[in-house]
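Data file: structure.cif. Format and content: mmCIF, N, CA, C and O atoms.
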data_run
#
loop_
_atom_site.label_atom_id
_atom_site.label_comp_id
_atom_site.auth_asym_id
_atom_site.auth_seq_id
_atom_site.Cartn_x
_atom_site.Cartn_y
_atom_site.Cartn_z
N MET A 64 5.62 -23.47 5.45
CA MET A 64 6.38 -22.82 4.41
C MET A 64 7.20 -21.70 5.05
O MET A 64 6.64 -20.84 5.73
N PRO A 65 8.54 -21.67 4.88
CA PRO A 65 9.34 -20.61 5.47
C PRO A 65 9.00 -19.27 4.85
O PRO A 65 8.68 -19.19 3.66
N SER A 66 9.08 -18.22 5.65
CA SER A 66 8.76 -16.90 5.10
C SER A 66 9.94 -16.38 4.29
O SER A 66 11.09 -16.66 4.60
N ALA A 67 9.62 -15.64 3.24
CA ALA A 67 10.65 -15.09 2.35
C ALA A 67 11.28 -13.86 2.99
O ALA A 67 10.62 -13.14 3.74
N PRO A 68 12.57 -13.61 2.71
CA PRO A 68 13.17 -12.36 3.16
C PRO A 68 12.37 -11.18 2.61
O PRO A 68 11.72 -11.30 1.57
N ALA A 69 12.44 -10.04 3.28
CA ALA A 69 11.62 -8.90 2.92
C ALA A 69 11.79 -8.46 1.48
O ALA A 69 10.85 -8.00 0.84
N ARG A 70 12.97 -8.57 0.91
CA ARG A 70 13.20 -8.08 -0.45
C ARG A 70 13.40 -9.22 -1.45
O ARG A 70 14.21 -9.15 -2.34
N THR A 71 12.64 -10.27 -1.30
CA THR A 71 12.61 -11.38 -2.25
C THR A 71 11.20 -11.45 -2.81
O THR A 71 10.22 -11.30 -2.07
N ALA A 72 11.08 -11.66 -4.11
CA ALA A 72 9.75 -11.74 -4.72
C ALA A 72 8.96 -12.90 -4.13
O ALA A 72 9.48 -14.01 -3.98
N LEU A 73 7.72 -12.63 -3.78
CA LEU A 73 6.83 -13.67 -3.29
C LEU A 73 6.27 -14.44 -4.47
O LEU A 73 6.13 -13.91 -5.58
N THR A 74 5.91 -15.69 -4.23
CA THR A 74 5.25 -16.49 -5.26
C THR A 74 3.79 -16.05 -5.36
O THR A 74 3.27 -15.38 -4.47
N ALA A 75 3.14 -16.45 -6.43
CA ALA A 75 1.72 -16.12 -6.60
C ALA A 75 0.90 -16.63 -5.43
O ALA A 75 0.02 -15.93 -4.91
N THR A 76 1.20 -17.83 -4.96
CA THR A 76 0.48 -18.41 -3.82
C THR A 76 0.70 -17.58 -2.56
O THR A 76 -0.25 -17.32 -1.81
N GLN A 77 1.93 -17.13 -2.32
CA GLN A 77 2.23 -16.32 -1.14
C GLN A 77 1.52 -14.96 -1.22
O GLN A 77 1.02 -14.45 -0.22
N ILE A 78 1.47 -14.39 -2.42
CA ILE A 78 0.78 -13.10 -2.60
C ILE A 78 -0.70 -13.24 -2.30
O ILE A 78 -1.28 -12.45 -1.55
N ILE A 79 -1.33 -14.28 -2.86
CA ILE A 79 -2.77 -14.49 -2.64
C ILE A 79 -3.05 -14.74 -1.16
O ILE A 79 -4.01 -14.21 -0.60
N ALA A 80 -2.21 -15.53 -0.50
CA ALA A 80 -2.40 -15.81 0.93
C ALA A 80 -2.26 -14.53 1.75
O ALA A 80 -3.03 -14.30 2.69
N SER A 81 -1.30 -13.69 1.39
CA SER A 81 -1.10 -12.43 2.11
C SER A 81 -2.25 -11.46 1.86
O SER A 81 -2.69 -10.76 2.78
N LEU A 82 -2.75 -11.40 0.63
CA LEU A 82 -3.88 -10.54 0.32
C LEU A 82 -5.12 -10.94 1.11
O LEU A 82 -5.90 -10.10 1.53
N ALA A 83 -5.28 -12.25 1.32
CA ALA A 83 -6.44 -12.74 2.07
C ALA A 83 -6.44 -12.24 3.51
O ALA A 83 -7.49 -12.18 4.15
N LYS A 84 -5.27 -11.85 4.01
CA LYS A 84 -5.14 -11.37 5.39
C LYS A 84 -5.27 -9.85 5.48
O LYS A 84 -5.15 -9.29 6.56
N THR A 85 -5.47 -9.18 4.35
CA THR A 85 -5.57 -7.72 4.35
C THR A 85 -7.00 -7.29 4.04
O THR A 85 -7.77 -8.06 3.48
N GLU A 86 -7.30 -6.06 4.38
CA GLU A 86 -8.63 -5.54 4.07
C GLU A 86 -8.50 -4.46 3.00
O GLU A 86 -7.84 -3.44 3.20
N GLY A 87 -9.10 -4.73 1.85
CA GLY A 87 -9.17 -3.72 0.80
C GLY A 87 -8.00 -3.67 -0.16
O GLY A 87 -8.07 -2.97 -1.16
N TRP A 88 -6.92 -4.37 0.13
CA TRP A 88 -5.78 -4.39 -0.80
C TRP A 88 -6.07 -5.38 -1.91
O TRP A 88 -6.61 -6.46 -1.67
N LYS A 89 -5.70 -4.99 -3.14
CA LYS A 89 -5.97 -5.83 -4.31
C LYS A 89 -4.71 -5.95 -5.15
O LYS A 89 -3.83 -5.09 -5.09
N LEU A 90 -4.68 -6.98 -5.94
CA LEU A 90 -3.57 -7.18 -6.87
C LEU A 90 -3.76 -6.26 -8.07
O LEU A 90 -4.88 -6.09 -8.56
N TYR A 91 -2.68 -5.66 -8.51
CA TYR A 91 -2.72 -4.74 -9.64
C TYR A 91 -1.61 -5.13 -10.62
O TYR A 91 -0.49 -5.42 -10.20
N GLY A 92 -1.89 -5.11 -11.90
CA GLY A 92 -0.88 -5.37 -12.92
C GLY A 92 -0.47 -6.82 -13.00
O GLY A 92 -1.09 -7.70 -12.43
N ASP A 93 0.63 -7.05 -13.73
CA ASP A 93 1.16 -8.41 -13.86
C ASP A 93 2.63 -8.35 -14.23
O ASP A 93 3.18 -7.28 -14.49
N GLY A 94 3.26 -9.51 -14.25
CA GLY A 94 4.68 -9.58 -14.58
C GLY A 94 5.51 -8.73 -13.64
O GLY A 94 5.26 -8.68 -12.44
N ALA A 95 6.49 -8.01 -14.20
CA ALA A 95 7.37 -7.16 -13.39
C ALA A 95 6.63 -5.97 -12.80
O ALA A 95 7.10 -5.34 -11.87
N ASP A 96 5.43 -5.66 -13.34
CA ASP A 96 4.64 -4.53 -12.85
C ASP A 96 3.59 -4.91 -11.82
O ASP A 96 2.78 -4.08 -11.44
N VAL A 97 3.59 -6.15 -11.37
CA VAL A 97 2.60 -6.58 -10.39
C VAL A 97 2.80 -5.79 -9.10
O VAL A 97 3.92 -5.48 -8.70
N ALA A 98 1.69 -5.43 -8.47
CA ALA A 98 1.73 -4.62 -7.25
C ALA A 98 0.48 -4.91 -6.42
O ALA A 98 -0.45 -5.56 -6.89
N ILE A 99 0.49 -4.40 -5.20
CA ILE A 99 -0.72 -4.41 -4.38
C ILE A 99 -1.17 -2.96 -4.26
O ILE A 99 -0.35 -2.04 -4.20
N GLU A 100 -2.49 -2.76 -4.24
CA GLU A 100 -3.02 -1.40 -4.28
C GLU A 100 -4.28 -1.29 -3.42
O GLU A 100 -5.07 -2.23 -3.34
N LYS A 101 -4.42 -0.12 -2.82
CA LYS A 101 -5.64 0.18 -2.06
C LYS A 101 -5.94 1.66 -2.21
O LYS A 101 -5.04 2.49 -2.23
N THR A 102 -7.23 1.99 -2.30
CA THR A 102 -7.66 3.38 -2.38
C THR A 102 -8.33 3.78 -1.08
O THR A 102 -9.21 3.06 -0.58
N TYR A 103 -7.89 4.90 -0.56
CA TYR A 103 -8.45 5.47 0.67
C TYR A 103 -9.21 6.73 0.28
O TYR A 103 -8.74 7.53 -0.53
N ARG A 104 -10.39 6.92 0.86
CA ARG A 104 -11.21 8.10 0.57
C ARG A 104 -11.36 8.94 1.83
O ARG A 104 -11.45 8.40 2.94
N PHE A 105 -11.40 10.27 1.62
CA PHE A 105 -11.44 11.22 2.73
C PHE A 105 -12.51 12.27 2.48
O PHE A 105 -13.00 12.44 1.37
N GLU A 106 -12.82 13.02 3.53
CA GLU A 106 -13.88 14.02 3.47
C GLU A 106 -13.47 15.26 2.67
O GLU A 106 -14.32 15.93 2.11
N ASN A 107 -12.16 15.57 2.64
CA ASN A 107 -11.73 16.78 1.95
C ASN A 107 -10.24 16.69 1.60
O ASN A 107 -9.55 15.75 1.98
N PHE A 108 -9.77 17.69 0.88
CA PHE A 108 -8.40 17.72 0.39
C PHE A 108 -7.39 17.77 1.53
O PHE A 108 -6.35 17.10 1.48
N LEU A 109 -7.67 18.54 2.56
CA LEU A 109 -6.73 18.66 3.67
C LEU A 109 -6.50 17.31 4.36
O LEU A 109 -5.36 16.94 4.66
N LYS A 110 -7.56 16.55 4.57
CA LYS A 110 -7.42 15.23 5.18
C LYS A 110 -6.67 14.28 4.24
O LYS A 110 -5.87 13.45 4.69
N THR A 111 -6.93 14.40 2.94
CA THR A 111 -6.22 13.57 1.98
C THR A 111 -4.73 13.89 2.02
O THR A 111 -3.89 12.98 2.06
N MET A 112 -4.38 15.17 2.05
CA MET A 112 -2.97 15.57 2.07
C MET A 112 -2.29 15.16 3.38
O MET A 112 -1.11 14.78 3.37
N ALA A 113 -2.99 15.22 4.48
CA ALA A 113 -2.41 14.78 5.75
C ALA A 113 -2.06 13.29 5.67
O ALA A 113 -0.98 12.86 6.11
N PHE A 114 -2.95 12.52 5.07
CA PHE A 114 -2.71 11.09 4.88
C PHE A 114 -1.48 10.88 3.98
O PHE A 114 -0.59 10.09 4.29
N VAL A 115 -1.43 11.60 2.85
CA VAL A 115 -0.31 11.46 1.92
C VAL A 115 1.02 11.79 2.61
O VAL A 115 2.01 11.07 2.43
N ASN A 116 1.05 12.83 3.40
CA ASN A 116 2.27 13.19 4.12
C ASN A 116 2.68 12.12 5.12
O ASN A 116 3.87 11.83 5.29
N ALA A 117 1.70 11.53 5.77
CA ALA A 117 2.00 10.44 6.71
C ALA A 117 2.54 9.21 5.96
O ALA A 117 3.48 8.55 6.43
N VAL A 118 1.97 8.92 4.80
CA VAL A 118 2.47 7.81 3.97
C VAL A 118 3.91 8.10 3.54
O VAL A 118 4.76 7.20 3.57
N ALA A 119 4.19 9.34 3.18
CA ALA A 119 5.55 9.71 2.78
C ALA A 119 6.53 9.48 3.92
O ALA A 119 7.65 9.00 3.71
N TYR A 120 6.12 9.81 5.13
CA TYR A 120 6.99 9.59 6.30
C TYR A 120 7.27 8.10 6.49
O TYR A 120 8.42 7.70 6.69
N ILE A 121 6.24 7.29 6.41
CA ILE A 121 6.41 5.84 6.53
C ILE A 121 7.35 5.33 5.44
O ILE A 121 8.26 4.54 5.71
N ALA A 122 7.14 5.78 4.22
CA ALA A 122 7.96 5.33 3.10
C ALA A 122 9.44 5.65 3.33
O ALA A 122 10.32 4.82 3.08
N GLU A 123 9.71 6.83 3.83
CA GLU A 123 11.10 7.21 4.11
C GLU A 123 11.68 6.36 5.23
O GLU A 123 12.82 5.91 5.15
N GLN A 124 10.91 6.14 6.28
CA GLN A 124 11.37 5.33 7.41
C GLN A 124 11.67 3.89 6.98
O GLN A 124 12.61 3.28 7.45
N GLN A 125 10.86 3.37 6.08
CA GLN A 125 11.00 1.98 5.63
C GLN A 125 11.92 1.85 4.41
O GLN A 125 12.22 0.73 3.99
N ASP A 126 12.30 2.98 3.83
CA ASP A 126 13.07 3.00 2.58
C ASP A 126 12.39 2.14 1.51
O ASP A 126 13.00 1.32 0.84
N HIS A 127 11.07 2.34 1.43
CA HIS A 127 10.25 1.57 0.48
C HIS A 127 9.12 2.50 0.04
O HIS A 127 8.21 2.78 0.82
N HIS A 128 9.19 2.98 -1.18
CA HIS A 128 8.34 4.07 -1.62
C HIS A 128 7.24 3.61 -2.58
O HIS A 128 7.55 3.03 -3.63
N PRO A 129 5.99 3.90 -2.24
CA PRO A 129 4.87 3.49 -3.10
C PRO A 129 4.63 4.49 -4.23
O PRO A 129 5.13 5.62 -4.20
N GLU A 130 3.84 4.08 -5.17
CA GLU A 130 3.27 5.01 -6.15
C GLU A 130 1.99 5.52 -5.51
O GLU A 130 1.23 4.75 -4.92
N LEU A 131 1.75 6.82 -5.63
CA LEU A 131 0.56 7.43 -5.07
C LEU A 131 -0.21 8.15 -6.17
O LEU A 131 0.39 8.86 -6.98
N LEU A 132 -1.51 7.96 -6.19
CA LEU A 132 -2.38 8.69 -7.09
C LEU A 132 -3.32 9.50 -6.21
O LEU A 132 -4.12 8.94 -5.45
N LEU A 133 -3.21 10.81 -6.31
CA LEU A 133 -3.89 11.72 -5.41
C LEU A 133 -4.98 12.49 -6.13
O LEU A 133 -4.76 13.00 -7.23
N THR A 134 -6.16 12.55 -5.53
CA THR A 134 -7.24 13.42 -6.00
C THR A 134 -7.71 14.24 -4.81
O THR A 134 -7.19 14.11 -3.70
N TYR A 135 -8.70 15.06 -5.01
CA TYR A 135 -9.21 15.93 -3.95
C TYR A 135 -9.57 15.14 -2.69
O TYR A 135 -9.24 15.55 -1.59
N SER A 136 -10.23 14.01 -2.87
CA SER A 136 -10.74 13.29 -1.69
C SER A 136 -10.33 11.83 -1.66
O SER A 136 -10.97 11.03 -0.97
N SER A 137 -9.28 11.46 -2.38
CA SER A 137 -8.83 10.08 -2.32
C SER A 137 -7.34 9.97 -2.62
O SER A 137 -6.75 10.87 -3.22
N CYS A 138 -6.79 8.86 -2.19
CA CYS A 138 -5.40 8.54 -2.49
C CYS A 138 -5.30 7.03 -2.71
O CYS A 138 -5.69 6.25 -1.84
N SER A 139 -4.80 6.65 -3.87
CA SER A 139 -4.52 5.24 -4.14
C SER A 139 -3.05 5.01 -3.85
O SER A 139 -2.19 5.78 -4.29
N VAL A 140 -2.78 3.96 -3.10
CA VAL A 140 -1.42 3.62 -2.69
C VAL A 140 -1.09 2.29 -3.36
O VAL A 140 -1.83 1.31 -3.21
N ARG A 141 0.02 2.27 -4.08
CA ARG A 141 0.42 1.05 -4.81
C ARG A 141 1.86 0.70 -4.43
O ARG A 141 2.77 1.47 -4.63
N PHE A 142 2.04 -0.51 -3.88
CA PHE A 142 3.37 -1.00 -3.51
C PHE A 142 3.79 -2.15 -4.41
O PHE A 142 3.01 -3.05 -4.69
N ASN A 143 5.04 -2.11 -4.85
CA ASN A 143 5.72 -3.26 -5.40
C ASN A 143 7.21 -3.06 -5.15
O ASN A 143 7.63 -1.98 -4.74
N THR A 144 7.99 -4.09 -5.35
CA THR A 144 9.42 -4.01 -5.08
C THR A 144 10.15 -4.08 -6.41
O THR A 144 10.27 -5.16 -7.01
N HIS A 145 10.61 -2.93 -6.87
CA HIS A 145 11.25 -2.84 -8.18
C HIS A 145 12.49 -3.73 -8.26
O HIS A 145 12.74 -4.33 -9.31
N ASP A 146 13.27 -3.83 -7.17
CA ASP A 146 14.51 -4.62 -7.17
C ASP A 146 14.25 -6.08 -7.56
O ASP A 146 15.11 -6.71 -8.16
N VAL A 147 13.09 -6.61 -7.16
CA VAL A 147 12.80 -8.02 -7.42
C VAL A 147 11.76 -8.20 -8.53
O VAL A 147 11.35 -9.30 -8.81
N GLN A 148 11.33 -7.08 -9.11
CA GLN A 148 10.33 -7.08 -10.17
C GLN A 148 9.09 -7.87 -9.78
O GLN A 148 8.61 -8.74 -10.52
N GLY A 149 8.58 -7.57 -8.61
CA GLY A 149 7.38 -8.24 -8.13
C GLY A 149 6.95 -7.70 -6.79
O GLY A 149 7.28 -6.58 -6.42
N VAL A 150 6.19 -8.49 -6.08
CA VAL A 150 5.69 -8.13 -4.75
C VAL A 150 6.52 -8.89 -3.73
O VAL A 150 6.79 -10.09 -3.90
N SER A 151 6.92 -8.19 -2.67
CA SER A 151 7.72 -8.80 -1.62
C SER A 151 7.02 -8.63 -0.27
O SER A 151 6.01 -7.94 -0.17
N ARG A 152 7.58 -9.26 0.74
CA ARG A 152 7.05 -9.11 2.09
C ARG A 152 7.08 -7.64 2.52
O ARG A 152 6.19 -7.18 3.24
N SER A 153 8.08 -6.88 2.07
CA SER A 153 8.16 -5.45 2.40
C SER A 153 6.91 -4.70 1.96
O SER A 153 6.46 -3.78 2.64
N ASP A 154 6.35 -5.09 0.83
CA ASP A 154 5.14 -4.43 0.34
C ASP A 154 3.98 -4.62 1.32
O ASP A 154 3.25 -3.68 1.63
N PHE A 155 3.83 -5.84 1.82
CA PHE A 155 2.75 -6.11 2.77
C PHE A 155 3.02 -5.47 4.13
O PHE A 155 2.09 -5.01 4.79
N GLU A 156 4.28 -5.41 4.53
CA GLU A 156 4.62 -4.75 5.79
C GLU A 156 4.29 -3.26 5.71
O GLU A 156 3.71 -2.69 6.64
N CYS A 157 4.65 -2.64 4.60
CA CYS A 157 4.34 -1.22 4.43
C CYS A 157 2.84 -0.99 4.31
O CYS A 157 2.31 -0.01 4.83
N ALA A 158 2.14 -1.89 3.63
CA ALA A 158 0.69 -1.78 3.51
C ALA A 158 0.05 -1.79 4.90
O ALA A 158 -0.87 -1.01 5.18
N ALA A 159 0.54 -2.65 5.78
CA ALA A 159 0.00 -2.72 7.15
C ALA A 159 0.27 -1.42 7.90
O ALA A 159 -0.60 -0.95 8.65
N LEU A 160 1.43 -0.83 7.69
CA LEU A 160 1.74 0.44 8.35
C LEU A 160 0.83 1.55 7.84
O LEU A 160 0.38 2.40 8.62
N VAL A 161 0.55 1.56 6.55
CA VAL A 161 -0.36 2.56 5.99
C VAL A 161 -1.77 2.35 6.53
O VAL A 161 -2.43 3.31 6.94
N ASP A 162 -2.22 1.12 6.59
CA ASP A 162 -3.55 0.84 7.17
C ASP A 162 -3.61 1.32 8.62
O ASP A 162 -4.65 1.81 9.07
N ALA A 163 -2.52 1.19 9.35
CA ALA A 163 -2.49 1.60 10.75
C ALA A 163 -2.69 3.10 10.91
O ALA A 163 -3.14 3.56 11.96
N LEU A 164 -2.39 3.88 9.88
CA LEU A 164 -2.64 5.33 9.94
C LEU A 164 -4.11 5.61 10.15
O LEU A 164 -4.48 6.58 10.82
N ILE A 165 -4.94 4.79 9.55
CA ILE A 165 -6.39 4.98 9.64
C ILE A 165 -6.92 4.30 10.90
O ILE A 165 -7.95 4.68 11.44
N GLY A 166 -6.21 3.29 11.38
CA GLY A 166 -6.62 2.59 12.60
C GLY A 166 -7.92 1.84 12.41
O GLY A 166 -8.18 1.27 11.37
N THR A 167 -8.75 1.89 13.42
CA THR A 167 -10.00 1.14 13.37
C THR A 167 -10.98 1.74 12.39
O THR A 167 -11.98 1.11 12.07
N ALA A 168 -10.70 2.95 11.89
CA ALA A 168 -11.60 3.58 10.93
C ALA A 168 -11.29 3.16 9.50
O ALA A 168 -11.81 3.73 8.57
N THR A 169 -10.40 2.16 9.31
CA THR A 169 -10.06 1.72 7.96
C THR A 169 -11.33 1.37 7.21
O THR A 169 -12.19 0.67 7.71
N SER A 170 -11.44 1.91 6.01
CA SER A 170 -12.63 1.64 5.22
C SER A 170 -12.22 1.26 3.81
O SER A 170 -11.28 1.82 3.27
N PRO A 171 -12.92 0.34 3.21
CA PRO A 171 -12.62 -0.03 1.84
C PRO A 171 -12.86 1.13 0.89
O PRO A 171 -13.58 2.07 1.24
N ALA A 172 -12.30 1.07 -0.29
CA ALA A 172 -12.52 2.11 -1.29
C ALA A 172 -14.02 2.32 -1.47
O ALA A 172 -14.79 1.38 -1.46
N GLY A 173 -14.39 3.56 -1.64
CA GLY A 173 -15.80 3.87 -1.87
C GLY A 173 -16.48 4.41 -0.63
O GLY A 173 -17.59 4.89 -0.73
N THR A 174 -15.82 4.37 0.51
CA THR A 174 -16.39 4.93 1.71
C THR A 174 -15.46 5.99 2.25
O THR A 174 -14.32 6.10 1.85
N THR A 175 -15.93 6.77 3.18
CA THR A 175 -15.15 7.88 3.70
C THR A 175 -14.50 7.48 5.03
O THR A 175 -15.13 6.91 5.89
N ALA A 176 -13.22 7.84 5.13
CA ALA A 176 -12.50 7.60 6.39
C ALA A 176 -12.37 8.91 7.13
O ALA A 176 -12.41 9.96 6.57
#
Could I get this structure in the form of structure tokens?
Amino acid sequence: MPSAPARTALTATQIIASLAKTEGWKLYGDGADVAIEKTYRFENFLKTMAFVNAVAYIAEQQDHHPELLLTYSSCSVRFNTHDVQGVSRSDFECAALVDALIGTATSPAGTTA
């Protein structure tokens, strides 16, 4: 199956296949609001904010901005591509870059990074 351009909506099958290759990312919403989401947990607010600032830098570099939900010790990152009203390859590329911030210490929601 040929890969879709970065800013083309992926099919449901492509989204599920891509999610299977990620750790901790889940499907969120439906229709035009469908997105991929992952929650990262940290030891304290300062570490959470450092992560958020790094995500902001990635978002600016990629010109692809996630929704962020920030608490004292966690940050949920949600990507979708508004232009295509769905999930695109860009969302998964940015998700991989965000995961790379944590490196080998990547942990699923509910644990501390």
Name the residues that the PyMOL selection byres ((chain A and resi 143) around 7) picks from the file above, as a list in words, using the file's chain letters and numbers. Ala95, Asp96, Val97, Ala98, Ile99, His127, His128, Pro129, Glu130, Arg141, Phe142, Thr144, His145, Asp146, Gln148, Gly149, Val150, Ser151 and Asp154 of chain A
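For the pair CA of Ala122 in chain A and atom C of Cys138 in chain A, the separation is 14.6 Å.
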Write out as an MDAnalysis selection string which residues come within 4.5 Å of Ser137 in chain A when counting all atoms listed in the file, dropping same-chain ones fewer than 4 positions away. chainID A and resid 103:104 132:133
Which of range 80-169 of chain A end up as alpha helix (DSSP H) when DSSP is run on this backbone - answer as an MDAnalysis selection string? chainID A and resid 80:83 108:125 152:165
Using all atoms listed in the file, the shortest atom-to-atom distance to Asp162 in chain A among A:Phe108, A:Leu131, A:Glu86, A:Asp93 belongs to A:Glu86
Just the number, please: distance in Å from CA of Arg152 in chain A to CA of Val115 in chain A, one decimal.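 Calculated distance between CA of Arg152 in chain A and CA of Val115 in chain A is 21.8 Å.
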Output check: residues returned by the PyMOL selection byres (((chain A and resi 89 and name CA) around 9) and name CA), as number ranges by chain: A: 82, 85-88, 90-91, 98-101
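You can rank A:Val147, A:Ile79, A:Met112, A:Arg70 by their closest distance to Asp126 in chain A using only C-alpha atoms, and at the top of that list sits A:Arg70.
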If we count only C-alpha atoms, what is near Ala117 in chain A at a cut-off of 8 Å, once residues fewer than 4 positions away on the same chain are taken out, given as a compact mmCIF listing (two decimals) with N, CA, C and O atoms, keeping the file's coordinate frame?
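The resulting file, selection07.txt, is shown below:
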# COMPACT_ATOMS: atom_id res chain seq x y z
N ALA A 113 -2.99 15.22 4.48
CA ALA A 113 -2.41 14.78 5.75
C ALA A 113 -2.06 13.29 5.67
O ALA A 113 -0.98 12.86 6.11
N ILE A 121 6.24 7.29 6.41
CA ILE A 121 6.41 5.84 6.53
C ILE A 121 7.35 5.33 5.44
O ILE A 121 8.26 4.54 5.71
N LEU A 164 -2.39 3.88 9.88
CA LEU A 164 -2.64 5.33 9.94
C LEU A 164 -4.11 5.61 10.15
O LEU A 164 -4.48 6.58 10.82
Tell me, which residues of chain A carry DSSP strand (DSSP E or B), written as a list in words? Ala72, Lys89, Leu90, Tyr91, Ala98, Ile99, Glu100, Lys101, Thr102, Tyr103, Arg104, Glu130, Leu131, Leu132, Leu133, Thr134, Ser137, Cys138, Ser139, Val140, Arg141, Phe142, Thr144, Gly149 and Ser151 of chain A
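Note that the spacing between CA of Tyr135 in chain A and CA of Lys110 in chain A amounts to 9.3 Å.
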For Thr111 in chain A, which residue out of A:Thr134, A:Ser81, A:Thr74, A:Gln124 is the nearest one, using only N, CA, C and O atoms?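 So, comparing all the options, the nearest one is A:Thr134.
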All heavy atoms are needed for range 109-115 of chain A; please write them out as a compact mmCIF listing (two decimals), in the coordinates of the input.
# COMPACT_ATOMS: atom_id res chain seq x y z
N LEU A 109 -7.67 18.54 2.56
CA LEU A 109 -6.73 18.66 3.67
C LEU A 109 -6.50 17.31 4.36
O LEU A 109 -5.36 16.94 4.66
CB LEU A 109 -7.23 19.70 4.68
CG LEU A 109 -6.27 20.03 5.82
CD1 LEU A 109 -4.95 20.55 5.28
CD2 LEU A 109 -6.91 21.06 6.74
N LYS A 110 -7.56 16.55 4.57
CA LYS A 110 -7.42 15.23 5.18
C LYS A 110 -6.67 14.28 4.24
O LYS A 110 -5.87 13.45 4.69
CB LYS A 110 -8.78 14.66 5.57
CG LYS A 110 -9.39 15.38 6.76
CD LYS A 110 -10.70 14.79 7.17
CE LYS A 110 -11.25 15.56 8.37
NZ LYS A 110 -12.47 14.98 8.88
N THR A 111 -6.93 14.40 2.94
CA THR A 111 -6.22 13.57 1.98
C THR A 111 -4.73 13.89 2.02
O THR A 111 -3.89 12.98 2.06
CB THR A 111 -6.76 13.80 0.55
OG1 THR A 111 -8.17 13.58 0.55
CG2 THR A 111 -6.10 12.89 -0.45
N MET A 112 -4.38 15.17 2.05
CA MET A 112 -2.97 15.57 2.07
C MET A 112 -2.29 15.16 3.38
O MET A 112 -1.11 14.78 3.37
CB MET A 112 -2.83 17.07 1.84
CG MET A 112 -3.13 17.47 0.41
SD MET A 112 -2.13 16.58 -0.82
CE MET A 112 -0.48 17.05 -0.36
N ALA A 113 -2.99 15.22 4.48
CA ALA A 113 -2.41 14.78 5.75
C ALA A 113 -2.06 13.29 5.67
O ALA A 113 -0.98 12.86 6.11
CB ALA A 113 -3.38 15.05 6.90
N PHE A 114 -2.95 12.52 5.07
CA PHE A 114 -2.71 11.09 4.88
C PHE A 114 -1.48 10.88 3.98
O PHE A 114 -0.59 10.09 4.29
CB PHE A 114 -3.94 10.43 4.26
CG PHE A 114 -3.75 9.00 3.88
CD1 PHE A 114 -3.78 8.00 4.83
CD2 PHE A 114 -3.56 8.65 2.55
CE1 PHE A 114 -3.60 6.66 4.47
CE2 PHE A 114 -3.40 7.32 2.18
CZ PHE A 114 -3.40 6.33 3.15
N VAL A 115 -1.43 11.60 2.85
CA VAL A 115 -0.31 11.46 1.92
C VAL A 115 1.02 11.79 2.61
O VAL A 115 2.01 11.07 2.43
CB VAL A 115 -0.52 12.36 0.67
CG1 VAL A 115 0.74 12.47 -0.16
CG2 VAL A 115 -1.67 11.82 -0.16
